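First comes the structure, then the notes that go with it.
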There are 2 protein chains.
Amino acid sequence: MTSMPQPEVEGSLRRVAIVGTGLIGTSIAMAAARAGSEVVGWDADAPTLAAAADRGALRPAASFEDAVADADLIVVATPILAVGEVVATALRTAPDAIVTDAASVKGRIIADVAAAVDDSELLARFVPGHPMGGSERSGPEHASASVVDGIVWVLTETDDVDEDRVGSLERWVARLGARPVRLDPDRHDRLVAMVSHLPQVASTSLMGVAAVEEADEPDILLLAAGGFRDLTRLAASQPTLWSDILVANRDQVAAAIDAFVAHLHDIRDRILGDDAQGVESVFAEAKVARLGLAAKPTVRAGVAVWQVEIPDRPGALARITAVLGEGGVNIEDLQIVHSPEGGRGTVHVTVAAETADATADVLEGAGYDPIRLA
Amino acid sequence: MTSMPQPEVEGSLRRVAIVGTGLIGTSIAMAAARAGSEVVGWDADAPTLAAAADRGALRPAASFEDAVADADLIVVATPILAVGEVVATALRTAPDAIVTDAASVKGRIIADVAAAVDDSELLARFVPGHPMGGSERSGPEHASASVVDGIVWVLTETDDVDEDRVGSLERWVARLGARPVRLDPDRHDRLVAMVSHLPQVASTSLMGVAAVEEADEPDILLLAAGGFRDLTRLAASQPTLWSDILVANRDQVAAAIDAFVAHLHDIRDRILGDDAQGVESVFAEAKVARLGLAAKPTVRAGVAVWQVEIPDRPGALARITAVLGEGGVNIEDLQIVHSPEGGRGTVHVTVAAETADATADVLEGAGYDPIRLA
């Protein structure tokens with residue numbers, strides 16, 4: 001470790017090796033190539049590596065050693081259970097490279113690496129990371145540089161890490177289009193347990209109990225409207241991916257489930273006690289919290305959301321999208337919020353943040369009255 | 001009660017009284033007026049009645065008695081705690097009318113009515129109902145006949161009810177554009193506890209625990225991506241409405257919470273036991289169940305959903321909406337499914353079922369290749 005300033009270190013992160021070329025690894029490769037890095041890839045599974053190479057952003061390496069030997073930066077994006085060992089091998093094989101990973105859990109990975117590498121000089125080059133992007137899909141064929149655009153990319157510091165290298169990686173992440181956020185590993189694991197892992201468990205459990213009921217009551221899903229669908233969408237995610245993540249973040253996930261169950265029991269006890277006022281106060285608190293969240297319609301950096309009223313009739317949506325298309329605006333997302341009020345509808349138009357003002361100009365020029373939500 | 005056939009009874013449900021002119025009462029009034037009924041309304045709150053009358057579908061009555069005196073059908077859409085008493089009074093006041101209600105819980109309402117009316121001849125005219133529509137909004141100013149379009153409208157039979165009257169109401173409900181479904185009251189209450197009341201509780205609890213955590217960790221919501229947002233959307237619902245519903249369906253909701261908690265504990269125990277394979281099998285089962293649900297993208301009768309691939313570039317959405325608009329298709333909903341694959345995107349276009357074929361013709365004529373999902 002050095003305390004000398006190394007202002008140009010990130011400039012040297014030119015040669016990037018991606019180990020594990022699934023959806024997230026290949027997406028990072030594509031974003032890195034777009035940002036001017038020279039990318040080489042390696043995957044233990046030959047067809048996966050070939051499919052990743054077909055996306056045009058990385059050169060397939062002949063071996064793991066070939067991939068990492070000359071790298072300035074090595075990104076380990078293998079399945080979570082393999083990450084510790086691969087990071088350790090990468091630190092030993094590549095003499096100067098920064099090594100980072102893409103796993104959803106940090107404490108377990110740091111412990112795995114420390115168990116395999118008992119050398120603080122090597123560990124100084126390991127900067128644990130978590131790009132919080134992805135997709136319900138998997139595999140390099142579904143990868144895209146856009147998976148990285150605007151996402152929060154957590155970087156965690158360890159006891160051994162070299163601060164200058166964290167800074168270098170942080171600037172490289174920003175150059176890829178993501179939003180680097182530094183978090184202590186324990187905090188990271190506790191927070192993702194609550195807002196990412198617990199929702200996954202809750203969604204799966206809700207679908208699970210309904211499925212058990214459905215065995216006796218095939219009509220049950222007839223009554224399942226939008227709310228049930230929203231809450232169970234995550235239950236369609238990849239089982240292996242999630243079982244490994246949950247077990248790797250075992251204690252934090254169990255604590256989040258316990259807090260959730262305690263809250264559920266509190267509501268149940270108020271209901272069983274005919275305490276409608278008590279139930280109401282719990283609901284009122286949650287409503288305030290949710291409205292606070294809704295006021296920030298997206299946490300993704302890099303996007304803007306405009307709310308626009310449109311008439312509820314054929315062609316109204318065509319007109320606004322035509323106006324935006326002719327104005328050169330690329331719509332990232334468009335949500336129709338049906339307002340059953342006097343034949344008017346509301347849409348939320350999400351665009352890249354840098355086009356926010358241009359979008360408003362285009363909309364106002366066509367007679368709309370957009371309100372910026374985010 | 002009579003066993004004589006009364007084939008033309010529903011034809012006589014011409015004069016309809018709506019008692020309680022909030023969002024659902026006024027929406028039913030608007031759908032009934034659209035279907036040719038003559039509608040009179042009453043609400044204990046004068047401004048609410050005036051606002052309902054402003055929507056143009058109902059004549060405001062001078063009193064409750066004035067509203068119900070000549071009615072063929074009385075729909076009680078008051079807050080849930082008042083329903084039993086209002087139904088009982090309506091049965092006594094209007095000598096021949098069918099009386100139904102719109103409450104989300106049936107067992108409690110039936111017990112309330114039976115406690116107030118000890119006369120099986122009067123009870124023969126009470127057909128408990130539950131139109132499963134609504135909106136996160138409230139009040140007659142947000143009412144619309146479209147709230148009723150295509151929804152499941154549960155009718156429950158009681159020990160005393162006259163079967164012919166259930167049939168009459170069923171046909172009237174269908175004429176309004178809804179989908180009548182007969183369910184035993186206990187089954188109704190158990191099923192809605194699972195697919196409607198439990199999701200509401202789960203969503204509120206999830207937001208509640210995150211809000212507690214946020215007090216110490218303001219960064220937590222920075223990490224809250226789409227999944228968390230989907231799962232907590234319901235937490236923004238009306239607290240009073242929900243506290244009354246949950247307490248009215250007390251035992252079934254408590255049982256649903258218990259089943260959910262047991263499922264959560266099962267997952268937690270597998271996680272704490274490092275049983276990744278056990279977690280995976282629970283997730284795999286839920287995934288199968290959820291994909292079965294996704295294969296029916298909507299339970300609403302009366303709509304069709306087309307999946308269409310479009311290029312992911314400015315103007316692509318404009319083009320498809322223009323094509324549909326010019327073809328006279330009214331888009332009910334449009335969901336952009338970002339596929340991060342080679343610059344292509346996928347949209348789900350929801351239209352009224354009767355325009356499904358015309359929509360496909362319009363899309364195919366313009367070179368798209370729509371796939372029908374529902």
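If you're wondering about the labels, chains in the structure tokens are A, B, ... by order shown, residues count from 1 in each chain, ligands from 1 in order shown.
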Taking the chain letters and numbering used in this document, name the residues of stretch 78-249 of chain B that DSSP puts in alpha helix (DSSP H), as number ranges by chain.
B: 80-93, 107-116, 120-123, 163-175, 185-192, 198-216, 226-232, 239-248
Neighbouring residues of B:Ile267 were defined as those with any atom within 8 Å, considering only C-alpha atoms; residues of the same chain fewer than 3 positions away were excluded. Please report them as a list in words.
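Near neighbours after the sequence-gap exclusion: Val201 of chain A; His263, Leu264, Arg270, Ile271, Val279 and Val282 of chain B.
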Writing out the chosen residues with C-alpha atoms as an mmCIF file, in the first residue's frame:
```cif
data_model
loop_
_atom_site.group_PDB
_atom_site.id
_atom_site.type_symbol
_atom_site.label_atom_id
_atom_site.label_comp_id
_atom_site.auth_asym_id
_atom_site.auth_seq_id
_atom_site.Cartn_x
_atom_site.Cartn_y
_atom_site.Cartn_z
ATOM 1 C CA VAL A 201 -38.318 -14.351 -0.466
ATOM 2 C CA HIS B 263 -43.776 -20.588 4.430
ATOM 3 C CA LEU B 264 -41.338 -17.764 5.244
ATOM 4 C CA ARG B 270 -33.424 -23.856 4.932
ATOM 5 C CA ILE B 271 -31.236 -20.757 4.517
ATOM 6 C CA VAL B 279 -34.101 -23.274 -0.997
ATOM 7 C CA VAL B 282 -38.943 -24.017 -2.962
#
```
Give me, as a PyMOL selection string, the residues of stretch 113-282 of chain B that a backbone DSSP run labels strand (DSSP E).
chain B and resi 126-127+129-131+152-155+179-182
Contact residues around B:Gly328 with only C-alpha atoms at 10 Å, ignoring same-chain residues under 4 positions, as a PyMOL selection string
(chain A and resi 313-315) or (chain B and resi 322-324+355+358-359+362)
Give me, please, the distance in Å between atom CA of B:Asp275 and atom CA of A:Leu191, quoted to one decimal.
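Between these atoms lies a distance of 22.7 Å.
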Out of A:Met194, A:Ala318, A:Val19, A:Ile98, which residue has the shortest atom-to-atom distance to B:Met207 when counting only C-alpha atoms?
A:Met194
Nearest residue to chain B out of A:Ile245, A:Leu176, A:Ala353, A:Ala224, using only C-alpha atoms?
A:Ala224
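If you measure from each of B:Thr100, B:Ser203, B:Ser281, B:Ser138 to B:Leu155 using only C-alpha atoms, the closest one turns out to be B:Thr100.
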Any idea what's packed within 10 Å of A:Val247, counting only C-alpha atoms, ignoring anything in its chain fewer than 5 positions away? Could you give it as a PyMOL selection string?
(chain A and resi 81+105+108+242+252-254) or (chain B and resi 268+270-277+279)
Kindly export the residues of the current selection with N, CA and C atoms, as a PDB file, in the first residue's frame.
```pdb
ATOM      1  N   LEU A  81     -20.682 -18.912  -5.715  1.00  0.00           N
ATOM      2  CA  LEU A  81     -19.917 -19.849  -4.895  1.00  0.00           C
ATOM      3  C   LEU A  81     -18.480 -20.015  -5.389  1.00  0.00           C
ATOM      4  N   VAL A 105     -23.505 -10.445  -2.774  1.00  0.00           N
ATOM      5  CA  VAL A 105     -23.243 -10.515  -1.332  1.00  0.00           C
ATOM      6  C   VAL A 105     -21.759 -10.204  -1.156  1.00  0.00           C
ATOM      7  N   ARG A 108     -19.476 -12.551   2.701  1.00  0.00           N
ATOM      8  CA  ARG A 108     -19.089 -13.925   2.437  1.00  0.00           C
ATOM      9  C   ARG A 108     -17.946 -14.014   1.430  1.00  0.00           C
ATOM     10  N   TRP A 242     -30.724 -17.593  -6.950  1.00  0.00           N
ATOM     11  CA  TRP A 242     -31.216 -17.032  -5.700  1.00  0.00           C
ATOM     12  C   TRP A 242     -30.902 -17.896  -4.500  1.00  0.00           C
ATOM     13  N   GLN A 252     -27.957 -12.214   7.435  1.00  0.00           N
ATOM     14  CA  GLN A 252     -28.670 -10.958   7.170  1.00  0.00           C
ATOM     15  C   GLN A 252     -30.068 -11.237   6.606  1.00  0.00           C
ATOM     16  N   VAL A 253     -30.168 -12.241   5.739  1.00  0.00           N
ATOM     17  CA  VAL A 253     -31.481 -12.572   5.175  1.00  0.00           C
ATOM     18  C   VAL A 253     -32.402 -13.110   6.270  1.00  0.00           C
ATOM     19  N   ALA A 254     -31.858 -13.975   7.139  1.00  0.00           N
ATOM     20  CA  ALA A 254     -32.682 -14.512   8.229  1.00  0.00           C
ATOM     21  C   ALA A 254     -33.162 -13.372   9.133  1.00  0.00           C
TER      22      ALA A 254
ATOM     23  N   ARG B 268     -36.570 -19.589   5.683  1.00  0.00           N
ATOM     24  CA  ARG B 268     -35.531 -19.116   6.596  1.00  0.00           C
ATOM     25  C   ARG B 268     -34.738 -20.295   7.174  1.00  0.00           C
ATOM     26  N   ARG B 270     -34.292 -23.253   5.947  1.00  0.00           N
ATOM     27  CA  ARG B 270     -33.424 -23.856   4.932  1.00  0.00           C
ATOM     28  C   ARG B 270     -32.178 -22.996   4.711  1.00  0.00           C
ATOM     29  N   ILE B 271     -32.379 -21.664   4.698  1.00  0.00           N
ATOM     30  CA  ILE B 271     -31.236 -20.757   4.517  1.00  0.00           C
ATOM     31  C   ILE B 271     -30.262 -20.901   5.687  1.00  0.00           C
ATOM     32  N   LEU B 272     -30.804 -20.877   6.909  1.00  0.00           N
ATOM     33  CA  LEU B 272     -29.934 -20.974   8.091  1.00  0.00           C
ATOM     34  C   LEU B 272     -29.245 -22.326   8.165  1.00  0.00           C
ATOM     35  N   GLY B 273     -29.853 -23.346   7.563  1.00  0.00           N
ATOM     36  CA  GLY B 273     -29.233 -24.664   7.530  1.00  0.00           C
ATOM     37  C   GLY B 273     -28.285 -24.837   6.357  1.00  0.00           C
ATOM     38  N   ASP B 274     -27.956 -23.735   5.666  1.00  0.00           N
ATOM     39  CA  ASP B 274     -27.079 -23.774   4.482  1.00  0.00           C
ATOM     40  C   ASP B 274     -27.589 -24.763   3.434  1.00  0.00           C
ATOM     41  N   ASP B 275     -28.905 -24.950   3.404  1.00  0.00           N
ATOM     42  CA  ASP B 275     -29.502 -25.940   2.512  1.00  0.00           C
ATOM     43  C   ASP B 275     -29.891 -25.275   1.183  1.00  0.00           C
ATOM     44  N   ALA B 276     -28.864 -24.948   0.383  1.00  0.00           N
ATOM     45  CA  ALA B 276     -29.113 -24.235  -0.872  1.00  0.00           C
ATOM     46  C   ALA B 276     -30.036 -25.046  -1.789  1.00  0.00           C
ATOM     47  N   GLN B 277     -29.870 -26.370  -1.756  1.00  0.00           N
ATOM     48  CA  GLN B 277     -30.697 -27.205  -2.617  1.00  0.00           C
ATOM     49  C   GLN B 277     -32.163 -27.156  -2.181  1.00  0.00           C
ATOM     50  N   VAL B 279     -33.600 -24.596  -0.612  1.00  0.00           N
ATOM     51  CA  VAL B 279     -34.101 -23.274  -0.997  1.00  0.00           C
ATOM     52  C   VAL B 279     -34.442 -23.287  -2.484  1.00  0.00           C
TER      53      VAL B 279
END
```
I want to know what sits within 10 Å of A:Arg175, based on only C-alpha atoms, with residues of the same chain fewer than 6 positions away left out; could you give that as an mmCIF file with C-alpha atoms, in the first residue's frame?
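The file below, result-v2.cif, is the result:
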```cif
data_model
loop_
_atom_site.group_PDB
_atom_site.id
_atom_site.type_symbol
_atom_site.label_atom_id
_atom_site.label_comp_id
_atom_site.auth_asym_id
_atom_site.auth_seq_id
_atom_site.Cartn_x
_atom_site.Cartn_y
_atom_site.Cartn_z
ATOM 1 C CA GLU A 10 -7.641 4.867 -13.759
ATOM 2 C CA ALA A 31 -20.014 -1.341 -21.558
ATOM 3 C CA ALA A 32 -16.215 -1.433 -21.090
ATOM 4 C CA ARG A 34 -17.977 1.069 -25.453
ATOM 5 C CA ALA A 35 -15.922 3.154 -22.993
ATOM 6 C CA GLY A 36 -12.721 2.349 -24.866
ATOM 7 C CA LEU A 169 -12.121 1.553 -10.013
#
```
Show me, as number ranges by chain, the residues that have an atom within 12 Å of A:Val99 when counting only C-alpha atoms, minus same-chain residues fewer than 3 positions from it.
A: 13, 16-19, 68, 71-77, 83-84, 86-96, 102, 113, 122-129, 155, 161-162, 165-166, 168-169
Emit the selected residues as a CSV table (one decimal), in the first residue's frame, including N, CA and C atoms.
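Just written: out.csv:
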```csv
chain,number,residue,atom,x,y,z
A,13,LEU,N,-6.4,1.6,-16.5
A,13,LEU,CA,-7.3,0.4,-16.5
A,13,LEU,C,-7.8,0.2,-18.0
A,16,VAL,N,-8.9,-4.9,-19.8
A,16,VAL,CA,-9.8,-5.5,-18.8
A,16,VAL,C,-10.1,-7.0,-19.1
A,17,ALA,N,-10.0,-7.8,-18.1
A,17,ALA,CA,-10.3,-9.2,-18.3
A,17,ALA,C,-11.6,-9.5,-17.5
A,18,ILE,N,-12.5,-10.2,-18.2
A,18,ILE,CA,-13.8,-10.6,-17.6
A,18,ILE,C,-13.8,-12.1,-17.4
A,19,VAL,N,-13.9,-12.5,-16.2
A,19,VAL,CA,-13.9,-14.0,-15.9
A,19,VAL,C,-15.3,-14.4,-15.5
A,68,VAL,N,-6.0,-13.3,-17.8
A,68,VAL,CA,-5.6,-12.3,-16.8
A,68,VAL,C,-4.2,-11.8,-16.8
A,71,ALA,N,-3.7,-8.2,-17.7
A,71,ALA,CA,-4.8,-7.3,-17.4
A,71,ALA,C,-4.4,-6.2,-16.4
A,72,ASP,N,-5.1,-5.0,-16.6
A,72,ASP,CA,-5.0,-3.9,-15.6
A,72,ASP,C,-6.1,-4.1,-14.5
A,73,LEU,N,-7.2,-4.7,-15.0
A,73,LEU,CA,-8.4,-4.9,-14.2
A,73,LEU,C,-9.0,-6.2,-14.5
A,74,ILE,N,-9.3,-7.0,-13.5
A,74,ILE,CA,-10.0,-8.3,-13.7
A,74,ILE,C,-11.3,-8.2,-13.0
A,75,VAL,N,-12.4,-8.5,-13.7
A,75,VAL,CA,-13.7,-8.5,-13.1
A,75,VAL,C,-14.2,-10.0,-13.1
A,76,VAL,N,-14.4,-10.4,-11.8
A,76,VAL,CA,-14.9,-11.8,-11.7
A,76,VAL,C,-16.4,-11.9,-11.6
A,77,ALA,N,-17.0,-12.4,-12.6
A,77,ALA,CA,-18.5,-12.5,-12.6
A,77,ALA,C,-19.0,-13.9,-12.7
A,83,VAL,N,-16.7,-17.4,-6.7
A,83,VAL,CA,-16.0,-16.1,-6.8
A,83,VAL,C,-14.8,-16.1,-5.9
A,84,GLY,N,-14.8,-16.5,-4.6
A,84,GLY,CA,-13.7,-16.4,-3.7
A,84,GLY,C,-12.4,-17.0,-4.3
A,86,VAL,N,-11.8,-17.9,-7.5
A,86,VAL,CA,-11.3,-17.3,-8.7
A,86,VAL,C,-10.6,-15.9,-8.4
A,87,VAL,N,-11.1,-15.1,-7.5
A,87,VAL,CA,-10.5,-13.9,-7.1
A,87,VAL,C,-9.1,-14.2,-6.6
A,88,ALA,N,-9.0,-15.2,-5.7
A,88,ALA,CA,-7.7,-15.5,-5.1
A,88,ALA,C,-6.7,-15.9,-6.2
A,89,THR,N,-7.1,-16.7,-7.1
A,89,THR,CA,-6.2,-17.2,-8.2
A,89,THR,C,-5.8,-16.0,-9.0
A,90,ALA,N,-6.8,-15.1,-9.3
A,90,ALA,CA,-6.5,-13.9,-10.1
A,90,ALA,C,-5.5,-13.0,-9.5
A,91,LEU,N,-5.6,-12.8,-8.2
A,91,LEU,CA,-4.6,-12.0,-7.4
A,91,LEU,C,-3.2,-12.6,-7.5
A,92,ARG,N,-3.2,-13.9,-7.4
A,92,ARG,CA,-1.8,-14.6,-7.5
A,92,ARG,C,-1.3,-14.6,-8.9
A,93,THR,N,-2.1,-14.7,-9.9
A,93,THR,CA,-1.6,-14.9,-11.3
A,93,THR,C,-1.2,-13.6,-11.9
A,94,ALA,N,-2.1,-12.5,-11.7
A,94,ALA,CA,-1.8,-11.2,-12.4
A,94,ALA,C,-1.1,-10.3,-11.4
A,95,PRO,N,0.2,-10.0,-11.6
A,95,PRO,CA,1.0,-9.3,-10.6
A,95,PRO,C,0.5,-7.9,-10.2
A,96,ASP,N,-0.1,-7.2,-11.1
A,96,ASP,CA,-0.4,-5.8,-10.7
A,96,ASP,C,-1.9,-5.4,-10.8
A,102,ALA,N,-18.5,-9.3,-8.9
A,102,ALA,CA,-19.9,-8.7,-9.2
A,102,ALA,C,-20.9,-9.4,-8.4
A,113,VAL,N,-12.2,-14.9,0.1
A,113,VAL,CA,-10.9,-14.5,-0.4
A,113,VAL,C,-9.9,-14.5,0.6
A,122,LEU,N,-1.3,-8.8,-1.6
A,122,LEU,CA,-2.2,-9.2,-2.6
A,122,LEU,C,-3.6,-8.7,-2.4
A,123,LEU,N,-4.0,-8.7,-1.1
A,123,LEU,CA,-5.4,-8.3,-0.8
A,123,LEU,C,-5.6,-6.8,-1.0
A,124,ALA,N,-4.5,-6.0,-1.1
A,124,ALA,CA,-4.6,-4.6,-1.3
A,124,ALA,C,-5.2,-4.3,-2.7
A,125,ARG,N,-5.1,-5.3,-3.6
A,125,ARG,CA,-5.6,-5.1,-5.0
A,125,ARG,C,-7.0,-5.6,-5.2
A,126,PHE,N,-7.6,-6.1,-4.1
A,126,PHE,CA,-9.0,-6.7,-4.3
A,126,PHE,C,-10.0,-5.6,-3.8
A,127,VAL,N,-10.9,-5.2,-4.7
A,127,VAL,CA,-11.9,-4.2,-4.4
A,127,VAL,C,-13.3,-4.9,-4.7
A,128,PRO,N,-13.9,-5.4,-3.6
A,128,PRO,CA,-15.2,-6.1,-3.8
A,128,PRO,C,-16.2,-5.1,-4.4
A,129,GLY,N,-17.0,-5.6,-5.4
A,129,GLY,CA,-18.0,-4.8,-6.0
A,129,GLY,C,-19.4,-5.5,-6.2
A,155,LEU,N,-19.2,-0.3,-4.4
A,155,LEU,CA,-17.8,-0.7,-4.2
A,155,LEU,C,-17.6,-0.7,-2.7
A,161,VAL,N,-7.5,-3.1,1.6
A,161,VAL,CA,-7.6,-2.5,0.3
A,161,VAL,C,-6.8,-1.2,0.2
A,162,ASP,N,-6.2,-1.0,-1.0
A,162,ASP,CA,-5.5,0.2,-1.3
A,162,ASP,C,-6.5,1.3,-1.8
A,165,ARG,N,-6.6,2.5,-5.3
A,165,ARG,CA,-7.2,1.5,-6.3
A,165,ARG,C,-8.7,1.6,-6.2
A,166,VAL,N,-9.3,1.8,-5.1
A,166,VAL,CA,-10.7,2.0,-5.0
A,166,VAL,C,-11.2,3.2,-5.8
A,168,SER,N,-9.6,4.5,-8.4
A,168,SER,CA,-9.4,4.2,-9.8
A,168,SER,C,-10.6,3.4,-10.3
A,169,LEU,N,-11.0,2.4,-9.6
A,169,LEU,CA,-12.1,1.6,-10.0
A,169,LEU,C,-13.4,2.4,-10.0
```
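For the pair atom CA of B:Pro311 and atom CA of B:Val347, the interatomic distance is 10.4 Å.
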